[in-house]
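Engineer: TSV, C-alpha atoms and all ligand atoms, saved as run-v1.tsv, coming up:
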```
chain	number	residue	atom	x	y	z
A	1	MET	CA	-55.22	-26.51	-2.40
A	2	LYS	CA	-56.98	-24.49	-5.08
A	3	LYS	CA	-59.69	-26.85	-6.32
A	4	ILE	CA	-60.86	-29.40	-3.80
A	5	LEU	CA	-63.04	-32.50	-4.11
A	6	VAL	CA	-64.61	-33.99	-0.98
A	7	THR	CA	-65.94	-37.54	-1.27
A	8	GLY	CA	-68.30	-38.84	1.41
A	9	SER	CA	-69.55	-35.31	1.94
A	10	VAL	CA	-72.84	-36.49	3.45
A	11	GLY	CA	-71.05	-38.51	6.15
A	12	GLN	CA	-70.30	-37.44	9.72
A	13	ILE	CA	-66.95	-35.74	9.01
A	14	GLY	CA	-67.54	-34.83	5.35
A	15	SER	CA	-70.72	-32.89	6.07
A	16	GLU	CA	-68.85	-30.60	8.46
A	17	LEU	CA	-65.62	-30.48	6.51
A	18	VAL	CA	-67.28	-29.14	3.34
A	19	PRO	CA	-68.65	-25.90	4.91
A	20	VAL	CA	-65.34	-25.18	6.65
A	21	LEU	CA	-63.38	-25.72	3.41
A	22	ARG	CA	-65.89	-23.55	1.49
A	23	GLU	CA	-65.53	-20.75	4.01
A	24	LYS	CA	-61.74	-20.95	3.81
A	25	TYR	CA	-61.10	-21.56	0.10
A	26	GLY	CA	-64.27	-20.15	-1.51
A	27	SER	CA	-67.52	-22.01	-2.18
A	28	LYS	CA	-66.96	-22.55	-5.89
A	29	ASN	CA	-63.57	-24.15	-5.21
A	30	VAL	CA	-64.92	-27.00	-3.09
A	31	VAL	CA	-66.86	-29.69	-4.94
A	32	ALA	CA	-68.87	-32.12	-2.82
A	33	THR	CA	-69.74	-35.58	-4.09
A	34	VAL	CA	-72.99	-37.21	-3.11
A	35	HIS	CA	-74.07	-40.76	-3.84
A	36	LYS	CA	-77.09	-42.58	-2.39
A	37	THR	CA	-78.03	-40.24	0.47
A	38	MET	CA	-79.01	-36.74	-0.60
A	39	PRO	CA	-77.99	-33.88	1.71
A	40	SER	CA	-80.21	-30.93	2.72
A	41	GLN	CA	-81.23	-28.22	0.24
A	42	GLU	CA	-79.11	-25.78	2.27
A	43	PHE	CA	-76.05	-27.98	1.71
A	44	LEU	CA	-76.80	-28.41	-2.00
A	45	LYS	CA	-77.15	-24.67	-2.50
A	46	SER	CA	-73.91	-23.84	-0.68
A	47	GLY	CA	-71.61	-24.82	-3.58
A	48	PRO	CA	-70.98	-27.23	-6.45
A	49	TYR	CA	-71.84	-30.89	-6.01
A	50	GLU	CA	-71.82	-33.98	-8.25
A	51	LYS	CA	-73.40	-37.40	-7.98
A	52	VAL	CA	-70.43	-39.81	-7.94
A	53	ASP	CA	-70.03	-43.45	-7.02
A	54	THR	CA	-66.42	-43.46	-5.79
A	55	ASN	CA	-66.18	-47.17	-6.62
A	56	ASN	CA	-66.59	-46.17	-10.24
A	57	LYS	CA	-63.25	-44.86	-11.52
A	58	GLU	CA	-64.82	-43.35	-14.67
A	59	GLU	CA	-67.17	-41.21	-12.64
A	60	LEU	CA	-64.29	-40.04	-10.47
A	61	VAL	CA	-62.12	-39.15	-13.48
A	62	ASN	CA	-64.95	-37.15	-15.04
A	63	VAL	CA	-65.52	-35.01	-12.00
A	64	LEU	CA	-61.78	-34.49	-11.37
A	65	LYS	CA	-61.36	-33.28	-14.96
A	66	LYS	CA	-64.54	-31.22	-15.06
A	67	TYR	CA	-63.45	-29.07	-12.10
A	68	ASN	CA	-59.69	-29.26	-12.61
A	69	ILE	CA	-59.29	-30.68	-9.09
A	70	ASP	CA	-55.84	-30.64	-7.42
A	71	THR	CA	-56.75	-31.90	-3.93
A	72	VAL	CA	-59.03	-34.72	-2.74
A	73	PHE	CA	-60.33	-35.26	0.78
A	74	HIS	CA	-61.40	-38.90	0.41
A	75	MET	CA	-63.84	-39.28	3.29
A	76	VAL	CA	-65.98	-42.17	2.01
A	77	GLY	CA	-66.05	-45.09	4.42
A	78	ILE	CA	-68.06	-47.75	6.23
A	79	LEU	CA	-67.45	-47.73	10.00
A	80	SER	CA	-66.65	-50.55	12.41
A	81	ALA	CA	-70.02	-51.86	13.60
A	82	VAL	CA	-71.62	-51.89	10.14
A	83	GLY	CA	-68.36	-53.28	8.75
A	84	GLU	CA	-68.71	-56.31	11.04
A	85	LYS	CA	-72.23	-56.91	9.72
A	86	LYS	CA	-71.25	-56.34	6.09
A	87	PRO	CA	-67.53	-57.18	5.79
A	88	ASP	CA	-67.56	-57.59	1.99
A	89	LEU	CA	-69.18	-54.21	1.52
A	90	ALA	CA	-66.74	-52.59	3.97
A	91	TRP	CA	-63.77	-53.98	2.01
A	92	LYS	CA	-65.25	-52.88	-1.31
A	93	VAL	CA	-66.22	-49.37	-0.27
A	94	ASN	CA	-63.18	-48.62	1.91
A	95	MET	CA	-60.44	-50.21	-0.21
A	96	GLU	CA	-61.51	-50.05	-3.85
A	97	SER	CA	-62.37	-46.36	-3.77
A	98	LEU	CA	-59.06	-45.55	-2.03
A	99	LYS	CA	-57.14	-47.48	-4.70
A	100	HIS	CA	-58.97	-45.50	-7.42
A	101	VAL	CA	-58.19	-42.19	-5.70
A	102	LEU	CA	-54.50	-43.10	-5.27
A	103	ASP	CA	-54.19	-44.27	-8.89
A	104	LEU	CA	-55.75	-41.04	-10.10
A	105	ALA	CA	-53.57	-39.02	-7.72
A	106	LYS	CA	-50.53	-40.65	-9.33
A	107	GLU	CA	-51.74	-39.86	-12.86
A	108	MET	CA	-53.11	-36.39	-12.20
A	109	LYS	CA	-50.66	-35.25	-9.50
A	110	LEU	CA	-53.35	-34.80	-6.86
A	111	LYS	CA	-52.77	-34.16	-3.18
A	112	VAL	CA	-54.89	-36.50	-1.00
A	113	PHE	CA	-56.19	-36.58	2.56
A	114	TRP	CA	-57.44	-39.95	3.76
A	115	PRO	CA	-58.71	-40.70	7.28
A	116	SER	CA	-57.39	-43.74	9.11
A	117	SER	CA	-58.61	-44.64	12.60
A	118	ILE	CA	-57.67	-46.06	15.99
A	119	ALA	CA	-59.36	-49.17	14.57
A	120	ALA	CA	-56.08	-49.87	12.74
A	121	PHE	CA	-54.78	-51.06	16.12
A	122	GLY	CA	-55.75	-54.40	17.63
A	123	PRO	CA	-55.94	-56.49	20.79
A	124	ASN	CA	-52.17	-56.88	21.11
A	125	THR	CA	-51.41	-53.18	20.63
A	126	PRO	CA	-50.30	-51.51	23.89
A	127	LYS	CA	-53.47	-49.92	25.32
A	128	LYS	CA	-52.10	-46.85	27.06
A	129	GLU	CA	-50.39	-43.99	25.23
A	130	THR	CA	-50.26	-46.22	22.16
A	131	PRO	CA	-47.06	-45.38	20.29
A	132	GLN	CA	-46.91	-44.32	16.66
A	133	LEU	CA	-44.98	-47.43	15.65
A	134	THR	CA	-46.30	-50.50	17.38
A	135	ILE	CA	-48.08	-53.86	16.97
A	136	MET	CA	-50.92	-53.51	14.46
A	137	ASP	CA	-53.25	-56.51	14.52
A	138	PRO	CA	-56.75	-55.16	13.82
A	139	ASN	CA	-59.44	-57.81	14.12
A	140	THR	CA	-62.41	-56.01	12.56
A	141	MET	CA	-62.93	-55.67	8.80
A	142	TYR	CA	-63.06	-51.88	9.25
A	143	GLY	CA	-59.72	-51.93	11.10
A	144	ILE	CA	-58.22	-54.21	8.45
A	145	THR	CA	-59.27	-51.76	5.72
A	146	LYS	CA	-57.79	-48.88	7.71
A	147	TYR	CA	-54.43	-50.56	8.26
A	148	SER	CA	-54.32	-51.87	4.67
A	149	GLY	CA	-55.21	-48.37	3.49
A	150	GLU	CA	-52.33	-46.92	5.48
A	151	LEU	CA	-49.93	-49.38	3.87
A	152	LEU	CA	-51.31	-48.53	0.44
A	153	CYS	CA	-50.93	-44.77	1.04
A	154	ASN	CA	-47.35	-45.29	2.21
A	155	TYR	CA	-46.63	-47.42	-0.86
A	156	TYR	CA	-47.98	-44.80	-3.27
A	157	PHE	CA	-45.88	-42.14	-1.58
A	158	GLN	CA	-42.66	-44.22	-1.56
A	159	LYS	CA	-43.04	-45.64	-5.08
A	160	TYR	CA	-44.80	-42.87	-6.99
A	161	GLY	CA	-44.34	-39.76	-4.83
A	162	VAL	CA	-48.10	-39.32	-4.30
A	163	ASP	CA	-48.55	-36.64	-1.63
A	164	VAL	CA	-51.10	-38.49	0.47
A	165	ARG	CA	-51.51	-37.50	4.12
A	166	SER	CA	-53.43	-39.26	6.85
A	167	VAL	CA	-54.38	-39.24	10.53
A	168	ARG	CA	-55.69	-42.02	12.77
A	169	TYR	CA	-58.92	-40.50	14.03
A	170	PRO	CA	-60.26	-41.45	17.43
A	171	GLY	CA	-64.06	-41.53	17.97
A	172	ILE	CA	-65.53	-38.24	16.73
A	173	ILE	CA	-68.23	-36.42	18.67
A	174	SER	CA	-70.45	-33.98	16.77
A	175	TRP	CA	-73.93	-32.47	16.79
A	176	LYS	CA	-74.60	-31.54	13.14
A	177	THR	CA	-74.66	-34.99	11.55
A	178	PRO	CA	-74.96	-38.11	13.70
A	179	PRO	CA	-72.41	-40.85	13.06
A	180	GLY	CA	-73.64	-44.06	11.50
A	181	GLY	CA	-72.50	-47.55	12.33
A	182	GLY	CA	-69.48	-46.90	14.53
A	183	THR	CA	-68.44	-48.38	17.88
A	184	THR	CA	-67.83	-44.95	19.42
A	185	ASP	CA	-71.38	-43.78	18.49
A	186	TYR	CA	-72.50	-44.05	22.15
A	187	ALA	CA	-70.47	-40.92	22.89
A	188	VAL	CA	-72.81	-39.00	20.55
A	189	ALA	CA	-76.05	-40.89	21.20
A	190	VAL	CA	-75.92	-40.14	24.93
A	191	PHE	CA	-76.32	-36.40	24.17
A	192	TYR	CA	-79.37	-36.91	21.93
A	193	GLU	CA	-81.07	-39.30	24.32
A	194	ALA	CA	-80.26	-37.24	27.40
A	195	LEU	CA	-81.85	-34.15	25.84
A	196	LYS	CA	-84.81	-35.95	24.29
A	197	ASN	CA	-85.71	-38.68	26.80
A	198	LYS	CA	-83.51	-38.09	29.87
A	199	LYS	CA	-82.30	-41.68	29.74
A	200	TYR	CA	-79.67	-43.65	27.89
A	201	THR	CA	-78.38	-47.20	27.87
A	202	PHE	CA	-74.73	-47.36	26.88
A	203	PHE	CA	-73.85	-50.38	24.72
A	204	VAL	CA	-70.41	-50.63	26.35
A	205	LYS	CA	-69.33	-51.26	29.96
A	206	LYS	CA	-69.03	-48.24	32.24
A	207	ASP	CA	-65.24	-48.55	32.51
A	208	THR	CA	-64.69	-48.67	28.73
A	209	ILE	CA	-62.16	-45.97	27.94
A	210	LEU	CA	-61.65	-44.89	24.34
A	211	PRO	CA	-59.85	-41.97	22.70
A	212	MET	CA	-62.30	-39.33	21.42
A	213	MET	CA	-62.23	-35.93	19.75
A	214	TYR	CA	-64.71	-33.08	19.22
A	215	MET	CA	-65.55	-32.40	15.57
A	216	PRO	CA	-63.98	-28.89	15.31
A	217	ASP	CA	-60.65	-30.45	16.35
A	218	ALA	CA	-61.08	-33.29	13.82
A	219	ILE	CA	-61.69	-30.78	11.00
A	220	LYS	CA	-58.76	-28.67	12.13
A	221	ALA	CA	-56.46	-31.71	12.05
A	222	ALA	CA	-57.42	-32.51	8.44
A	223	ILE	CA	-56.82	-28.94	7.28
A	224	ASP	CA	-53.64	-28.46	9.36
A	225	ILE	CA	-51.94	-31.58	8.00
A	226	MET	CA	-52.94	-30.72	4.43
A	227	GLU	CA	-51.63	-27.16	4.75
A	228	SER	CA	-48.30	-28.18	6.25
A	229	PRO	CA	-45.23	-27.82	4.05
A	230	ILE	CA	-44.33	-31.17	2.49
A	231	GLU	CA	-41.02	-31.47	4.36
A	232	LYS	CA	-42.91	-31.46	7.70
A	233	ILE	CA	-44.83	-34.62	6.81
A	234	LYS	CA	-42.50	-37.36	7.99
A	235	ILE	CA	-45.01	-40.20	8.39
A	236	ARG	CA	-46.80	-41.55	5.33
A	237	LEU	CA	-48.63	-44.45	6.96
A	238	SER	CA	-50.91	-42.33	9.18
A	239	TYR	CA	-50.25	-40.03	12.14
A	240	ASN	CA	-51.48	-40.95	15.61
A	241	LEU	CA	-53.89	-38.20	16.66
A	242	ALA	CA	-55.37	-37.56	20.10
A	243	ALA	CA	-57.45	-35.14	22.11
A	244	ILE	CA	-59.38	-36.68	25.03
A	245	SER	CA	-59.80	-40.11	26.58
A	246	PHE	CA	-62.62	-40.89	29.00
A	247	SER	CA	-64.69	-43.80	30.23
A	248	ALA	CA	-68.36	-44.18	29.31
A	249	GLU	CA	-69.24	-43.46	32.95
A	250	GLU	CA	-67.13	-40.30	33.06
A	251	LEU	CA	-68.99	-39.05	30.00
A	252	ALA	CA	-72.37	-39.90	31.56
A	253	LYS	CA	-71.45	-37.95	34.70
A	254	GLU	CA	-70.34	-34.94	32.66
A	255	VAL	CA	-73.62	-34.92	30.67
A	256	LYS	CA	-75.59	-35.29	33.93
A	257	LYS	CA	-74.15	-31.99	35.14
A	258	TYR	CA	-76.39	-30.33	32.50
A	259	ILE	CA	-79.32	-32.76	32.73
A	260	PRO	CA	-79.48	-33.67	36.43
A	261	ASP	CA	-82.42	-36.08	36.08
A	262	LEU	CA	-80.59	-38.13	33.40
A	263	LYS	CA	-80.82	-41.87	34.09
A	264	TYR	CA	-78.24	-44.14	32.50
A	265	ASP	CA	-77.10	-47.71	32.58
A	266	PHE	CA	-74.65	-49.96	30.73
A	267	ILE	CA	-75.68	-53.06	28.77
A	268	PRO	CA	-72.78	-54.14	26.55
A	269	ASP	CA	-73.58	-55.66	23.16
A	270	GLU	CA	-71.38	-57.05	20.36
A	271	ARG	CA	-69.66	-53.66	20.01
A	272	GLN	CA	-67.95	-54.17	23.39
A	273	LYS	CA	-65.58	-56.66	21.79
A	274	ILE	CA	-64.60	-54.10	19.18
A	275	ALA	CA	-64.09	-51.39	21.82
A	276	ASP	CA	-61.95	-53.79	23.88
A	277	SER	CA	-59.62	-54.32	20.91
A	278	TRP	CA	-58.82	-50.58	20.62
A	279	PRO	CA	-56.44	-48.40	22.63
A	280	ALA	CA	-57.55	-46.31	25.61
A	281	SER	CA	-55.18	-43.43	24.92
A	282	ILE	CA	-52.85	-42.41	22.12
A	283	ASP	CA	-49.37	-40.90	21.98
A	284	ASP	CA	-49.64	-38.29	19.23
A	285	SER	CA	-46.33	-36.54	19.92
A	286	ASN	CA	-45.18	-37.01	16.30
A	287	ALA	CA	-48.14	-35.01	14.97
A	288	ARG	CA	-47.57	-32.35	17.63
A	289	LYS	CA	-43.86	-32.12	16.76
A	290	ASP	CA	-43.95	-32.49	12.96
A	291	TRP	CA	-46.90	-30.28	11.97
A	292	ASN	CA	-47.72	-28.54	15.22
A	293	TRP	CA	-50.97	-30.40	15.97
A	294	LYS	CA	-52.88	-29.04	18.97
A	295	HIS	CA	-56.40	-29.90	20.09
A	296	LYS	CA	-58.65	-27.34	21.70
A	297	TYR	CA	-61.53	-29.21	23.34
A	298	GLY	CA	-61.30	-31.20	26.57
A	299	LEU	CA	-64.20	-33.28	27.99
A	300	ALA	CA	-65.78	-30.33	29.85
A	301	GLU	CA	-65.55	-27.86	26.93
A	302	MET	CA	-66.83	-30.42	24.45
A	303	THR	CA	-69.79	-31.40	26.64
A	304	LYS	CA	-70.79	-27.76	27.23
A	305	ASP	CA	-70.66	-26.98	23.51
A	306	MET	CA	-72.50	-30.18	22.50
A	307	ILE	CA	-75.34	-29.53	24.95
A	308	SER	CA	-75.89	-25.91	23.95
A	309	ASN	CA	-75.81	-26.63	20.20
A	310	LEU	CA	-77.95	-29.76	20.34
A	311	LYS	CA	-80.50	-28.07	22.62
A	312	ARG	CA	-80.96	-25.37	19.99
A	313	GLU	CA	-81.10	-27.89	17.13
A	314	LEU	CA	-83.67	-30.12	18.82
A	315	ARG	CA	-85.95	-27.12	19.44
A	316	LYS	CA	-86.16	-26.46	15.67
B	401	LIG	C1	-65.95	-46.25	14.70
B	401	LIG	O1	-66.36	-46.33	15.87
B	401	LIG	O2	-66.04	-47.16	13.88
B	401	LIG	C2	-65.26	-44.98	14.29
B	401	LIG	C3	-63.78	-45.03	14.46
B	401	LIG	C4	-63.18	-45.04	15.80
B	401	LIG	O3	-63.08	-45.04	13.49
B	401	LIG	N1	-65.79	-43.87	15.02
```
Before we go any further, please render this structure as C-alpha cells.
Structural biologist:
Amino acid sequence: MKKILVTGSVGQIGSELVPVLREKYGSKNVVATVHKTMPSQEFLKSGPYEKVDTNNKEELVNVLKKYNIDTVFHMVGILSAVGEKKPDLAWKVNMESLKHVLDLAKEMKLKVFWPSSIAAFGPNTPKKETPQLTIMDPNTMYGITKYSGELLCNYYFQKYGVDVRSVRYPGIISWKTPPGGGTTDYAVAVFYEALKNKKYTFFVKKDTILPMMYMPDAIKAAIDIMESPIEKIKIRLSYNLAAISFSAEELAKEVKKYIPDLKYDFIPDERQKIADSWPASIDDSNARKDWNWKHKYGLAEMTKDMISNLKRELRK
C-alpha cells in the first residue's frame, strides 16, 4: 500500500480511517475523495483530496491515474435505515460504485478493501454465534447490496485475481463523526443525548441485542486485513468480524454509570424490524485464525472512552 485512495472519506468510518492511514503511510500518500458533503478545513488541509462522484467511472479513473493509486479503501455506502427509505438510491450508490472500483482494480491491478456488514445476514440466519458460512437471506435493500457486493468481490477474485478483501462490520460506535441512517445508530445517539440532555429514547426494544464494535477496532480491522500477506486471506466473500454484543438496556445501564441522572426508555420504530433480522452475536474465528484479528475494546472500555472524548468535544 504505497498510494491509497479512500472513497466515502466524509462518512463515519472514512473520516476516521483517513487520518490513521495518513499517520501510518504519510499524508501525501493518502488521497481522500469528497462528493456532496464537504469536510472540515482541518481535514482538507491534512492531505490531498479530490471531488469525485464514485458512480462516475471517468472521474474515478482520472483520480486513480493522477495519483498513481495502488490501493483503494472503497467506503462509500448508504446504510440500512436510509436504504429502506430510498432503496433505488441504495442500490445505485452501493452497487454501481463497487462494480466500477472492481473493474478498475482488474484493469489497473489495484488492491481493494470493501466493507460488508452484519446486514448481509437475514431472518433465517442463526442468531447466536452466527457462523461464517450460513444462510444468507437479507431482507433490507442495504443487506441485499452487502451480500451481492460480497458475491461480486468473490467473483472478481476467482475470475480475474483481483485482490479484494472485506469484513462484515457490526454496528460501529464512534465519537468523531456521527453515523447517518443506520439501524445501530442508537448505540451512538445515546451518548450524545445522555451528555447533552440526560435523557434518551431508544428506537429499539430494551432486549434487542446486536453485535457492535468501537471505531479504533474497526479501523484496525481494515488495516490488519489489508496488510496481511495474500496467502493468509482465505475468504473472499467477506470475513465475519466481532468485538462486543450487548442489549440496548445493558448499554443504557453502562452509560448511566457515568451520568447517574440519565433517564431512558424504549419506543421501537420501523428500525426494530431491521434489528430483529440481524444476528445477536458473530463467530469470527476465521478472521482470528487467518489474519490474527483481535479486538481491544469491551463494553466497559468503550463506554469510558466514548464518554471522556465526547465530553471534551461537546465543551468546544
Ligand atoms: C447499519 O445499522 O445500517 C450499519 C450496519 C450494521 O451495517 N451500522
Engineer: Can you report as AutoDock Vina command-line options the centre and edge lengths in Å, to one decimal, of an axis-aligned box around the listed atoms of ligand LIG 401 (chain B) padded with 6 Å on each side?
Structural biologist:
```
--center_x -64.7 --center_y -45.5 --center_z 14.7 --size_x 15.3 --size_y 15.3 --size_z 14.4
```
Engineer: Find the residues near ligand LIG 401 (chain B). Use a cut-off of 6 Å, count all atoms listed in the file, and write them as a PyMOL selection string.
Structural biologist: chain A and resi 79-80+117-119+170-172+182-184
Engineer: Do a neighbour search on A:Phe113 at 6 Å with all atoms listed in the file, toss out local chain neighbours closer than 3 positions, and write the hits as a list of chain:residue names.
Structural biologist: A:Phe73, A:Val164, A:Arg165, A:Ser166
Engineer: Taking all atoms listed in the file into account, name the residue in A:Leu241, A:Ala252, A:Pro216, A:Glu227 that is nearest to A:Phe202.
Structural biologist: A:Ala252
Engineer: Report, in Å to a single decimal, how far apart atom CA of A:Ser46 and atom CA of A:Ala218 are.
Structural biologist: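 Result for atom CA of A:Ala218 versus atom CA of A:Ser46: 21.5 Å, one decimal.
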Engineer: Give me the residues within 7 Å of stretch 61-69 of chain A as a list of chain:residue names, counting all atoms listed in the file and dropping any in the same chain fewer than 2 places off.
Structural biologist: A:Lys3, A:Ile4, A:Leu5, A:Lys57, A:Glu58, A:Glu59, A:Thr71
Engineer: When distances are computed from only C-alpha atoms, which of A:Glu50, A:Ser9, A:Gly181, A:Val31 shows the smallest separation from A:Lys85?
Structural biologist: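 Residue with the minimum atom-to-atom distance to A:Lys85: A:Gly181.
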Engineer: Taking 5 positions as the minimum chain separation for residues in the same chain, which residues sit within 12 Å of A:Arg315 when counting all atoms listed in the file? Answer as a list in words.
Structural biologist: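 Skipping anything fewer than 5 positions along the chain leaves Leu195, Lys196, Ser308, Asn309 and Leu310 of chain A.
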Engineer: Would you save the residues from that selection as a CSV table (one decimal), in the frame of the given file, using C-alpha atoms?
Structural biologist:
```csv
chain,number,residue,atom,x,y,z
A,195,LEU,CA,-81.8,-34.2,25.8
A,196,LYS,CA,-84.8,-36.0,24.3
A,308,SER,CA,-75.9,-25.9,24.0
A,309,ASN,CA,-75.8,-26.6,20.2
A,310,LEU,CA,-78.0,-29.8,20.3
```
Engineer: Distance atom CA of A:Arg312-atom CA of A:Ile223, one decimal place?
Structural biologist: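 Distance reported for this atom pair: 27.5 Å.
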Engineer: Quick one: of A:Gln272, A:Asn286, A:Tyr192, A:Thr201, who's nearest to A:Leu314, counting all atoms listed in the file?
Structural biologist: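 Closest to A:Leu314 of all the choices is A:Tyr192.
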Engineer: Using all atoms listed in the file, can you tell me which of A:Ile233, A:Ile274, A:Ala194, A:Cys153 comes closest to A:Lys257?
Structural biologist: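 With all atoms listed in the file as the atom set, the closest residue is A:Ala194.
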Engineer: Ranking A:Ala81, A:Ile230, A:Ala105, A:Val188 by minimum distance to A:Tyr142 and counting only C-alpha atoms, which one comes first?
Structural biologist: A:Ala81
Engineer: So how far away is atom CA of A:Pro87 from atom CA of A:Pro211, in Å?
Structural biologist: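 So the two atoms, atom CA of A:Pro211 and atom CA of A:Pro87, lie 24.0 Å apart.
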Engineer: Which residue out of A:Gly149, A:Lys36, A:Lys263, A:Phe43 has the minimum interatomic distance to A:Leu17 when all atoms listed in the file are used?
Structural biologist: A:Phe43
Engineer: Within 6 Å of stretch 121-129 of chain A, which residues of stretch 255-295 of chain A come that close, and what is the closest atom pair and distance in Å for each? Count all atoms listed in the file and give it as a tab-separated table.
Structural biologist:
```
residue	atom	partner	partner_atom	distance
A:Ser277	CA	A:Pro123	CA	4.3
A:Trp278	CA	A:Gly122	CA	5.7
A:Pro279	CA	A:Lys127	CA	4.3
A:Ala280	CA	A:Lys127	CA	5.5
A:Ser281	CA	A:Glu129	CA	4.8
A:Ile282	CA	A:Glu129	CA	4.3
A:Asp283	CA	A:Glu129	CA	4.6
```
Engineer: As a short mmCIF file (atom, residue, chain, number, x, y, z; two decimals), in the coordinates of the input, please: stretch 221-232 of chain A completed to N, CA, C and O atoms.
Structural biologist:
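Result file follows (selection.cif):
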```cif
data_model
loop_
_atom_site.label_atom_id
_atom_site.label_comp_id
_atom_site.auth_asym_id
_atom_site.auth_seq_id
_atom_site.Cartn_x
_atom_site.Cartn_y
_atom_site.Cartn_z
N ALA A 221 -57.58 -30.79 12.31
CA ALA A 221 -56.46 -31.71 12.05
C ALA A 221 -56.33 -31.98 10.55
O ALA A 221 -55.21 -31.96 10.00
N ALA A 222 -57.47 -32.21 9.88
CA ALA A 222 -57.42 -32.51 8.44
C ALA A 222 -56.85 -31.32 7.67
O ALA A 222 -56.00 -31.49 6.77
N ILE A 223 -57.29 -30.13 8.02
CA ILE A 223 -56.82 -28.94 7.28
C ILE A 223 -55.36 -28.63 7.64
O ILE A 223 -54.54 -28.34 6.76
N ASP A 224 -55.03 -28.75 8.93
CA ASP A 224 -53.64 -28.46 9.36
C ASP A 224 -52.63 -29.38 8.65
O ASP A 224 -51.62 -28.91 8.15
N ILE A 225 -52.92 -30.67 8.62
CA ILE A 225 -51.94 -31.58 8.00
C ILE A 225 -51.84 -31.30 6.50
O ILE A 225 -50.75 -31.35 5.93
N MET A 226 -52.97 -30.97 5.87
CA MET A 226 -52.94 -30.72 4.43
C MET A 226 -52.23 -29.40 4.10
O MET A 226 -51.67 -29.24 3.02
N GLU A 227 -52.28 -28.45 5.02
CA GLU A 227 -51.63 -27.16 4.75
C GLU A 227 -50.15 -27.14 5.13
O GLU A 227 -49.45 -26.20 4.81
N SER A 228 -49.71 -28.17 5.81
CA SER A 228 -48.30 -28.18 6.25
C SER A 228 -47.36 -28.32 5.07
O SER A 228 -47.66 -29.05 4.13
N PRO A 229 -46.21 -27.63 5.12
CA PRO A 229 -45.23 -27.82 4.05
C PRO A 229 -44.82 -29.29 3.95
O PRO A 229 -44.75 -29.98 4.97
N ILE A 230 -44.56 -29.74 2.74
CA ILE A 230 -44.33 -31.17 2.49
C ILE A 230 -43.20 -31.75 3.35
O ILE A 230 -43.28 -32.88 3.82
N GLU A 231 -42.16 -30.93 3.61
CA GLU A 231 -41.02 -31.47 4.36
C GLU A 231 -41.37 -31.75 5.83
O GLU A 231 -40.66 -32.46 6.53
N LYS A 232 -42.50 -31.21 6.30
CA LYS A 232 -42.91 -31.46 7.70
C LYS A 232 -43.62 -32.80 7.85
O LYS A 232 -43.81 -33.29 8.96
#
```
